[in-house]
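Data block for coords-v6.tsv (TSV, C-alpha atoms):
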chain	number	residue	atom	x	y	z
M	152	ASP	CA	127.04	71.26	133.14
M	153	THR	CA	123.51	69.98	133.91
M	154	ALA	CA	123.03	66.26	133.30
M	155	VAL	CA	119.28	66.36	132.59
M	156	SER	CA	117.93	69.74	131.62
M	157	GLN	CA	114.36	70.62	130.84
M	158	THR	CA	112.79	73.85	129.68
M	159	PRO	CA	110.91	75.89	130.56
M	160	LYS	CA	111.04	75.74	134.34
M	161	TYR	CA	107.70	77.51	134.66
M	162	LEU	CA	104.85	77.51	132.17
M	163	VAL	CA	101.65	79.46	132.70
M	164	THR	CA	99.03	79.20	130.00
M	165	GLN	CA	95.34	79.35	129.25
M	166	MET	CA	93.01	76.39	128.87
M	167	GLY	CA	92.82	75.12	125.33
M	168	ASN	CA	96.35	76.16	124.39
M	169	ASP	CA	99.03	73.81	123.05
M	170	LYS	CA	102.42	73.77	124.75
M	171	SER	CA	105.70	71.84	124.66
M	172	ILE	CA	108.30	70.97	127.27
M	173	LYS	CA	111.78	70.07	126.11
M	174	CYS	CA	114.27	67.73	127.74
M	175	GLU	CA	117.88	66.93	127.00
M	176	GLN	CA	120.37	64.65	128.75
M	177	ASN	CA	124.13	64.59	128.33
M	178	LEU	CA	124.74	61.39	130.29
M	179	GLY	CA	124.76	59.11	127.27
M	180	HIS	CA	121.79	57.15	128.61
M	181	ASP	CA	119.63	55.06	126.31
M	182	THR	CA	116.37	55.53	128.19
M	183	MET	CA	114.38	58.68	128.91
M	184	TYR	CA	111.15	59.24	130.80
M	185	TRP	CA	108.41	61.72	131.56
M	186	TYR	CA	106.94	61.71	135.06
M	187	LYS	CA	104.08	63.77	136.41
M	188	GLN	CA	103.89	64.90	140.02
M	189	ASP	CA	100.26	65.56	140.81
M	190	SER	CA	98.66	67.62	143.55
M	191	LYS	CA	98.97	64.70	145.97
M	192	LYS	CA	102.73	64.70	145.33
M	193	PHE	CA	102.84	61.23	143.77
M	194	LEU	CA	105.33	60.82	140.95
M	195	LYS	CA	103.71	58.83	138.16
M	196	ILE	CA	105.32	57.63	134.99
M	197	MET	CA	103.78	58.80	131.76
M	198	PHE	CA	106.12	57.67	129.01
M	199	SER	CA	109.48	56.07	128.46
M	200	TYR	CA	111.67	55.88	125.37
M	201	ASN	CA	114.60	53.60	124.78
M	202	ASN	CA	116.83	54.62	121.89
M	203	LYS	CA	114.03	56.71	120.37
M	204	GLU	CA	111.53	53.86	120.67
M	205	LEU	CA	108.46	54.15	122.89
M	206	ILE	CA	108.57	51.38	125.50
M	207	ILE	CA	106.24	52.61	128.22
M	208	ASN	CA	102.98	54.39	127.56
M	209	GLU	CA	100.83	54.63	130.63
M	210	THR	CA	97.17	55.57	130.63
M	211	VAL	CA	97.67	59.15	129.57
M	212	PRO	CA	95.21	61.20	127.48
M	213	ASN	CA	96.19	61.25	123.84
M	214	ARG	CA	96.47	65.04	124.11
M	215	PHE	CA	99.94	64.22	125.47
M	216	SER	CA	102.41	63.25	122.78
M	217	PRO	CA	106.06	62.53	123.47
M	218	LYS	CA	108.64	62.88	120.74
M	219	SER	CA	112.23	61.64	120.79
M	220	PRO	CA	114.27	62.98	117.86
M	221	ASP	CA	117.36	61.22	119.19
M	222	LYS	CA	118.29	59.32	122.33
M	223	ALA	CA	119.49	62.49	124.08
M	224	HIS	CA	116.20	64.35	123.69
M	225	LEU	CA	112.64	63.65	124.76
M	226	ASN	CA	110.06	66.37	124.32
M	227	LEU	CA	106.49	66.45	125.57
M	228	HIS	CA	103.78	68.18	123.59
M	229	ILE	CA	100.39	68.80	125.16
M	230	ASN	CA	97.36	69.76	123.09
M	231	SER	CA	94.21	71.49	124.30
M	232	LEU	CA	95.43	72.04	127.83
M	233	GLU	CA	92.97	71.47	130.65
M	234	LEU	CA	92.92	72.68	134.25
M	235	GLY	CA	93.69	69.16	135.46
M	236	ASP	CA	96.96	69.17	133.53
M	237	SER	CA	98.41	71.59	136.09
M	238	ALA	CA	101.26	69.72	137.75
M	239	VAL	CA	105.02	69.44	137.86
M	240	TYR	CA	106.44	67.43	134.98
M	241	PHE	CA	109.83	65.77	135.41
M	242	CYS	CA	112.04	64.41	132.71
M	243	ALA	CA	114.49	61.66	133.64
M	244	SER	CA	117.06	59.42	132.03
M	245	SER	CA	118.83	56.19	132.90
M	246	GLU	CA	120.64	53.22	131.57
M	247	MET	CA	118.01	50.53	131.11
M	248	GLY	CA	116.96	49.25	134.51
M	249	GLU	CA	119.31	51.48	136.44
M	250	LYS	CA	118.67	54.45	138.70
M	251	LEU	CA	117.00	57.52	137.25
M	252	PHE	CA	118.52	60.95	136.93
M	253	PHE	CA	115.86	63.65	137.02
M	254	GLY	CA	115.66	67.11	135.59
M	255	SER	CA	114.61	69.97	137.85
M	256	GLY	CA	110.99	69.89	136.72
M	257	THR	CA	108.56	72.11	134.81
M	258	GLN	CA	105.77	73.69	136.84
M	259	LEU	CA	102.78	73.86	134.50
M	260	SER	CA	99.87	76.06	135.53
M	261	VAL	CA	96.75	76.05	133.37
M	262	LEU	CA	94.43	78.97	134.01
E	277	ASP	CA	95.84	52.16	143.28
E	278	GLN	CA	98.98	53.16	145.11
E	279	GLN	CA	101.33	50.24	145.43
E	280	VAL	CA	103.96	52.15	147.39
E	281	LYS	CA	102.89	54.00	150.50
E	282	GLN	CA	104.67	56.39	152.79
E	283	ASN	CA	102.20	56.91	155.58
E	284	SER	CA	104.10	59.65	157.38
E	285	PRO	CA	103.93	62.86	155.38
E	286	SER	CA	106.42	64.59	157.65
E	287	LEU	CA	109.13	63.94	160.20
E	288	SER	CA	110.92	66.38	162.48
E	289	VAL	CA	114.19	65.33	164.09
E	290	GLN	CA	116.91	67.03	166.06
E	291	GLU	CA	120.33	67.43	164.51
E	292	GLY	CA	122.58	64.53	165.43
E	293	ARG	CA	119.70	62.13	166.08
E	294	ILE	CA	118.47	59.29	163.92
E	295	SER	CA	115.84	59.82	161.22
E	296	ILE	CA	113.75	56.77	160.36
E	297	LEU	CA	111.57	56.89	157.28
E	298	ASN	CA	109.13	54.10	156.52
E	299	CYS	CA	107.70	52.72	153.33
E	300	ASP	CA	105.21	49.92	152.67
E	301	TYR	CA	104.41	48.23	149.40
E	302	THR	CA	101.68	45.91	148.23
E	303	ASN	CA	103.05	44.26	145.10
E	304	SER	CA	105.18	41.17	145.76
E	305	MET	CA	106.58	41.42	142.23
E	306	PHE	CA	108.76	44.39	143.18
E	307	ASP	CA	112.38	43.31	143.12
E	308	TYR	CA	114.32	46.51	143.59
E	309	PHE	CA	113.76	49.43	145.92
E	310	LEU	CA	115.19	52.92	145.89
E	311	TRP	CA	115.15	56.07	147.95
E	312	TYR	CA	115.28	59.48	146.34
E	313	LYS	CA	115.81	62.84	148.00
E	314	LYS	CA	114.29	66.06	146.71
E	315	TYR	CA	114.98	69.68	147.54
E	316	PRO	CA	112.48	72.41	146.62
E	317	ALA	CA	112.52	73.44	142.95
E	318	GLU	CA	114.87	70.57	142.09
E	319	GLY	CA	114.35	67.10	140.71
E	320	PRO	CA	114.67	63.99	142.89
E	321	THR	CA	118.19	62.64	143.25
E	322	PHE	CA	119.08	59.04	143.91
E	323	LEU	CA	120.13	58.28	147.47
E	324	ILE	CA	120.38	54.55	148.06
E	325	SER	CA	118.88	51.30	146.81
E	326	ILE	CA	118.42	47.70	147.81
E	327	SER	CA	117.75	44.53	145.89
E	328	SER	CA	115.05	42.15	147.08
E	329	ILE	CA	117.69	39.49	147.70
E	330	LYS	CA	119.20	41.57	150.48
E	331	ASP	CA	117.81	42.84	153.76
E	332	LYS	CA	120.21	45.69	154.39
E	333	ASN	CA	122.32	48.13	152.43
E	334	GLU	CA	124.50	50.81	153.93
E	335	ASP	CA	126.12	53.87	152.41
E	336	GLY	CA	127.76	56.26	154.84
E	337	ARG	CA	125.10	57.79	157.07
E	338	PHE	CA	122.29	56.12	155.12
E	339	THR	CA	121.06	52.57	155.66
E	340	VAL	CA	118.09	50.93	154.02
E	341	PHE	CA	116.42	47.89	155.58
E	342	LEU	CA	114.08	45.58	153.70
E	343	ASN	CA	111.58	43.20	155.32
E	344	LYS	CA	110.09	41.26	152.44
E	345	SER	CA	107.67	39.24	154.52
E	346	ALA	CA	106.17	42.45	155.86
E	347	LYS	CA	106.52	44.24	152.53
E	348	HIS	CA	108.20	47.05	154.37
E	349	LEU	CA	111.37	49.04	154.00
E	350	SER	CA	112.90	51.80	156.01
E	351	LEU	CA	115.62	54.39	155.59
E	352	HIS	CA	117.81	55.32	158.53
E	353	ILE	CA	119.86	58.48	158.53
E	354	VAL	CA	122.44	58.67	161.30
E	355	PRO	CA	123.38	61.25	162.40
E	356	SER	CA	120.85	63.64	160.88
E	357	GLN	CA	122.26	66.90	159.55
E	358	PRO	CA	120.55	70.18	158.55
E	359	GLY	CA	121.32	69.46	154.90
E	360	ASP	CA	119.20	66.33	155.16
E	361	SER	CA	116.07	68.49	155.35
E	362	ALA	CA	114.25	67.50	152.17
E	363	VAL	CA	111.46	65.34	150.81
E	364	TYR	CA	112.32	61.63	150.64
E	365	PHE	CA	110.59	59.38	148.14
E	366	CYS	CA	110.47	55.63	148.36
E	367	ALA	CA	110.28	53.84	145.00
E	368	ALA	CA	109.90	50.23	143.90
E	369	ARG	CA	110.55	48.55	140.60
E	370	LYS	CA	109.33	45.43	138.85
E	371	TYR	CA	110.82	43.45	135.99
E	372	ASP	CA	109.35	45.97	133.51
E	373	TYR	CA	111.59	48.67	134.99
E	374	LYS	CA	108.66	50.93	135.83
E	375	LEU	CA	109.23	52.77	139.08
E	376	SER	CA	106.31	53.25	141.44
E	377	PHE	CA	106.79	56.09	143.89
E	378	GLY	CA	105.36	56.85	147.28
E	379	ALA	CA	104.00	60.32	148.09
E	380	GLY	CA	107.11	61.33	149.98
E	381	THR	CA	108.03	62.21	153.55
E	382	THR	CA	109.21	65.71	154.37
E	383	VAL	CA	112.10	65.61	156.81
E	384	THR	CA	112.99	68.67	158.86
E	385	VAL	CA	116.21	68.55	160.84
E	386	ARG	CA	116.16	71.01	163.75
E	387	ALA	CA	119.35	72.61	164.95

In structure tokens, what does this structure look like?
Amino acid sequence: DTAVSQTPKYLVTQMGNDKSIKCEQNLGHDTMYWYKQDSKKFLKIMFSYNNKELIINETVPNRFSPKSPDKAHLNLHINSLELGDSAVYFCASSEMGEKLFFGSGTQLSVL
Amino acid sequence: DQQVKQNSPSLSVQEGRISILNCDYTNSMFDYFLWYKKYPAEGPTFLISISSIKDKNEDGRFTVFLNKSAKHLSLHIVPSQPGDSAVYFCAARKYDYKLSFGAGTTVTVRA
């Protein structure tokens, strides 16, 4: 039973499209995150929610909109996809301030 | 501006020998440091951590050393095993709980 699961694992789409990535955790954690791993392999935080409330919002284009319907789910919606959005997106969860548990990632390719 | 740096992108070591991975950071506000391990097509998994009030933490074959004055930490794996072949990320955290990651070091353990 996967602790942090995200779907889809692979996403190939055209520029200008709108797409969503879903994430669910069954660890009972209060905090969830979206990280982006860019072409240089750095993992950079994008957003964090604590109990459905946005607590971290890094400098991310407003085409990216996270949504947390409940504390076990954090989805990422991306509007008007651009070539530079191609990356691996990781969802993660934790108790506040504790170690992160990551999902297996979503490889997004924008053509 | 990368605040956590792993200057060695790769490391090759013979099975049974010691693997030493290095990490440097620039922000003196970091108070907690973590190492994550990542296999291909999987998310990073937590390996070991150390608080800034300590200089060493050991867990089985894994030991992390912290030199605050040098803003440097290292991960020792002894003895190295084939299953240790993976990408290792160093991460550092401030009071705001944001994790800053290095670019990773790919470890290959040769039989």

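Interatomic distance, CA of Val363 (chain E) against CA of Ile296 (chain E): 13.0 Å.
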
So that I can see what lies close to Phe306 (chain E), please list as a list in words the residues with an atom at most 10 Å from it, counting all atoms listed in the file and leaving out residues fewer than 5 positions away in the same chain.
Gln279, Tyr301, Ser327, Ser328, Lys344, Lys347, Ala367, Ala368, Arg369, Lys370, Tyr371, Asp372, Tyr373, Lys374, Leu375 and Ser376 of chain E

Could you name the residues that touch region 162-179 of chain M at 9 Å or less, counting all atoms listed in the file, but leaving out those on the same chain fewer than 2 positions away, as a ChimeraX atom specification?
/M:152-160,181,183,222-234,240,242-246,254,257-262

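Using all atoms listed in the file, the smallest distance between any of E:Ala379, E:Cys366, E:Cys299, E:Leu310 and chain M comes from E:Ala379.
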
Would you give me, as a PyMOL selection string, the residues of chain E that come within 7 Å of chain M, using all atoms listed in the file?
chain E and resi 317-322+373+376-379

Separation of CA of Lys203 (chain M) and CA of Ser219 (chain M), in Å?
5.3 Å

Tell me which of M:Asp221, M:Ala238, M:Tyr161, M:Tyr200 sits closest to Lys187 (chain M), counting all atoms listed in the file.
M:Ala238

Interatomic distance (Å, one decimal) between CA of Phe338 (chain E) and CA of Val280 (chain E)
20.3 Å

Nearest to Gly359 (chain E), restricted to only C-alpha atoms and choosing among E:Met305, E:Ile324, E:Leu287, E:Val385, comes out as E:Val385

Kindly reconstruct region 191-224 of chain M with N, CA and C atoms and present the result as a short mmCIF file (atom, residue, chain, number, x, y, z; two decimals), in the frame of the given file.
data_model
loop_
_atom_site.label_atom_id
_atom_site.label_comp_id
_atom_site.auth_asym_id
_atom_site.auth_seq_id
_atom_site.Cartn_x
_atom_site.Cartn_y
_atom_site.Cartn_z
N LYS M 191 98.75 65.52 144.78
CA LYS M 191 98.97 64.70 145.97
C LYS M 191 100.43 64.31 146.12
N LYS M 192 101.27 64.86 145.26
CA LYS M 192 102.73 64.70 145.33
C LYS M 192 103.24 63.35 144.83
N PHE M 193 102.35 62.49 144.32
CA PHE M 193 102.84 61.23 143.77
C PHE M 193 103.53 61.49 142.44
N LEU M 194 104.64 60.80 142.23
CA LEU M 194 105.33 60.82 140.95
C LEU M 194 104.85 59.64 140.13
N LYS M 195 104.25 59.92 138.98
CA LYS M 195 103.71 58.83 138.16
C LYS M 195 104.31 58.85 136.78
N ILE M 196 104.71 57.69 136.31
CA ILE M 196 105.32 57.63 134.99
C ILE M 196 104.26 57.84 133.92
N MET M 197 104.67 58.58 132.90
CA MET M 197 103.78 58.80 131.76
C MET M 197 104.29 58.02 130.55
N PHE M 198 105.53 58.29 130.19
CA PHE M 198 106.12 57.67 129.01
C PHE M 198 107.58 57.31 129.28
N SER M 199 108.06 56.34 128.47
CA SER M 199 109.48 56.07 128.46
C SER M 199 109.91 55.69 127.04
N TYR M 200 111.08 56.19 126.67
CA TYR M 200 111.67 55.88 125.37
C TYR M 200 113.02 55.23 125.59
N ASN M 201 113.29 54.21 124.78
CA ASN M 201 114.60 53.60 124.78
C ASN M 201 115.16 53.69 123.37
N ASN M 202 116.26 54.43 123.23
CA ASN M 202 116.83 54.62 121.89
C ASN M 202 115.79 55.07 120.87
N LYS M 203 115.05 56.07 121.22
CA LYS M 203 114.03 56.71 120.37
C LYS M 203 112.77 55.87 120.18
N GLU M 204 112.70 54.71 120.84
CA GLU M 204 111.53 53.86 120.67
C GLU M 204 110.67 53.89 121.93
N LEU M 205 109.38 54.10 121.76
CA LEU M 205 108.46 54.15 122.89
C LEU M 205 108.34 52.77 123.53
N ILE M 206 108.66 52.67 124.83
CA ILE M 206 108.57 51.38 125.50
C ILE M 206 107.56 51.37 126.64
N ILE M 207 107.25 52.52 127.17
CA ILE M 207 106.24 52.61 128.22
C ILE M 207 105.28 53.73 127.84
N ASN M 208 104.00 53.40 127.85
CA ASN M 208 102.98 54.39 127.56
C ASN M 208 101.84 54.13 128.52
N GLU M 209 101.85 54.84 129.62
CA GLU M 209 100.83 54.63 130.63
C GLU M 209 99.50 55.23 130.17
N THR M 210 98.50 55.07 130.99
CA THR M 210 97.17 55.57 130.63
C THR M 210 97.18 57.08 130.73
N VAL M 211 97.55 57.69 129.64
CA VAL M 211 97.67 59.15 129.57
C VAL M 211 96.77 59.62 128.43
N PRO M 212 96.03 60.72 128.60
CA PRO M 212 95.21 61.20 127.48
C PRO M 212 96.03 61.40 126.23
N ASN M 213 95.42 61.13 125.08
CA ASN M 213 96.19 61.25 123.84
C ASN M 213 96.46 62.69 123.46
N ARG M 214 96.05 63.64 124.30
CA ARG M 214 96.47 65.04 124.11
C ARG M 214 97.96 65.20 124.43
N PHE M 215 98.51 64.20 125.13
CA PHE M 215 99.94 64.22 125.47
C PHE M 215 100.68 63.39 124.43
N SER M 216 101.65 64.01 123.77
CA SER M 216 102.41 63.25 122.78
C SER M 216 103.90 63.48 122.98
N PRO M 217 104.61 62.42 123.33
CA PRO M 217 106.06 62.53 123.47
C PRO M 217 106.72 62.40 122.10
N LYS M 218 107.88 63.03 121.98
CA LYS M 218 108.64 62.88 120.74
C LYS M 218 110.13 62.80 121.09
N SER M 219 110.80 61.83 120.52
CA SER M 219 112.23 61.64 120.79
C SER M 219 112.99 61.69 119.48
N PRO M 220 113.53 62.86 119.13
CA PRO M 220 114.27 62.98 117.86
C PRO M 220 115.58 62.21 117.86
N ASP M 221 116.16 62.04 119.03
CA ASP M 221 117.36 61.22 119.19
C ASP M 221 117.41 60.79 120.64
N LYS M 222 118.36 59.91 120.99
CA LYS M 222 118.29 59.32 122.33
C LYS M 222 118.67 60.31 123.43
N ALA M 223 119.15 61.48 123.07
CA ALA M 223 119.49 62.49 124.08
C ALA M 223 118.36 63.47 124.35
N HIS M 224 117.30 63.39 123.57
CA HIS M 224 116.20 64.35 123.69
C HIS M 224 114.85 63.63 123.77
#
